[in-house]
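Okay, structure first, notes after.
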Amino acid sequence: MRQPRIMSRMFLLCGPAYSGKSTLACALNARLDATVVSLDEINENREAGFGGDGLADEVWAETLEIALDRLQGVMQSGGDVVVDDTNCYRWLRD
């Protein structure tokens with residue numbers, strides 16, 4: 001009989017724009033039934049913009065708080081999580 005996993009796994013994806021992070025996040029989600037937390041998606045849903053171009057530091061700080069809240073919830077429930085964009089400004093990634 002297979003032992004249940006007690007701890008969550010977190011996969012952090014970071015890299016240059018259009019390098020395949022979101023594609024990999026979707027593949028991991030499909031294979032592992034993990035929750036994907038995408039900072040770009042959070043910004044888009046907040047109508048703050050997509051991809052982080054030209055966003056003020058304050059907007060990124062709010063986005064980070066939302067992402068951390070989501071991560072905490074998933075991790076407390078024991079689920080796996082994929083973080084698509086590891087809290088890194090676009091100018092720094094590029």
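By order of appearance in the structure tokens: chains A, B, ..., then residues from 1 within every chain, and ligands from 1 in the order shown.
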(Q) Show me, as a list in words, the residues that have an atom within 12 Å of segment 24-34 of chain A when counting only C-alpha atoms, minus same-chain residues fewer than 5 positions from it. (A) Ser8, Arg9, Met10, Phe11, Leu12, Leu13, Cys14, Gly15, Tyr18, Ser19, Leu71, Val74, Met75, Ser77, Gly78, Gly79, Asp80, Val81, Val82, Val83, Asp84 and Asp85 of chain A
Emit the selected residues as an mmCIF file, in the first residue's frame, including C-alpha atoms.
data_model
loop_
_atom_site.group_PDB
_atom_site.id
_atom_site.type_symbol
_atom_site.label_atom_id
_atom_site.label_comp_id
_atom_site.auth_asym_id
_atom_site.auth_seq_id
_atom_site.Cartn_x
_atom_site.Cartn_y
_atom_site.Cartn_z
ATOM 1 C CA SER A 8 3.643 19.648 0.209
ATOM 2 C CA ARG A 9 6.012 20.106 -2.684
ATOM 3 C CA MET A 10 6.712 23.538 -4.133
ATOM 4 C CA PHE A 11 8.086 24.068 -7.616
ATOM 5 C CA LEU A 12 9.500 27.553 -8.284
ATOM 6 C CA LEU A 13 9.745 28.552 -11.923
ATOM 7 C CA CYS A 14 11.761 31.582 -12.928
ATOM 8 C CA GLY A 15 13.391 32.604 -16.163
ATOM 9 C CA TYR A 18 8.584 33.600 -23.011
ATOM 10 C CA SER A 19 10.987 30.869 -21.895
ATOM 11 C CA LEU A 71 0.699 29.619 -1.313
ATOM 12 C CA VAL A 74 -2.288 25.374 -0.490
ATOM 13 C CA MET A 75 0.702 24.361 1.581
ATOM 14 C CA SER A 77 -3.781 21.822 3.019
ATOM 15 C CA GLY A 78 -0.889 19.545 2.002
ATOM 16 C CA GLY A 79 -1.250 20.175 -1.707
ATOM 17 C CA ASP A 80 1.511 20.651 -4.230
ATOM 18 C CA VAL A 81 2.036 24.124 -5.661
ATOM 19 C CA VAL A 82 3.780 25.484 -8.733
ATOM 20 C CA VAL A 83 4.891 29.110 -8.523
ATOM 21 C CA ASP A 84 5.026 30.595 -12.004
ATOM 22 C CA ASP A 85 7.384 33.565 -11.588
#
Q | Coordinates-based distance that separates atom CA of Gly20 of chain A from atom CA of Trp60 of chain A (Å, one decimal) | A |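 Atom CA of Gly20 of chain A lies at a distance of 21.5 Å from atom CA of Trp60 of chain A.
Considering only C-alpha atoms, the residue among A:Glu47, A:Met7, A:Pro16, A:Val37 positioned nearest to Ile66 of chain A is A:Val37.
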Q) At what distance in Å, to one decimal, does atom CA of Asp57 of chain A lie from atom CA of Lys21 of chain A? A)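 These two atoms are separated by 22.4 Å.
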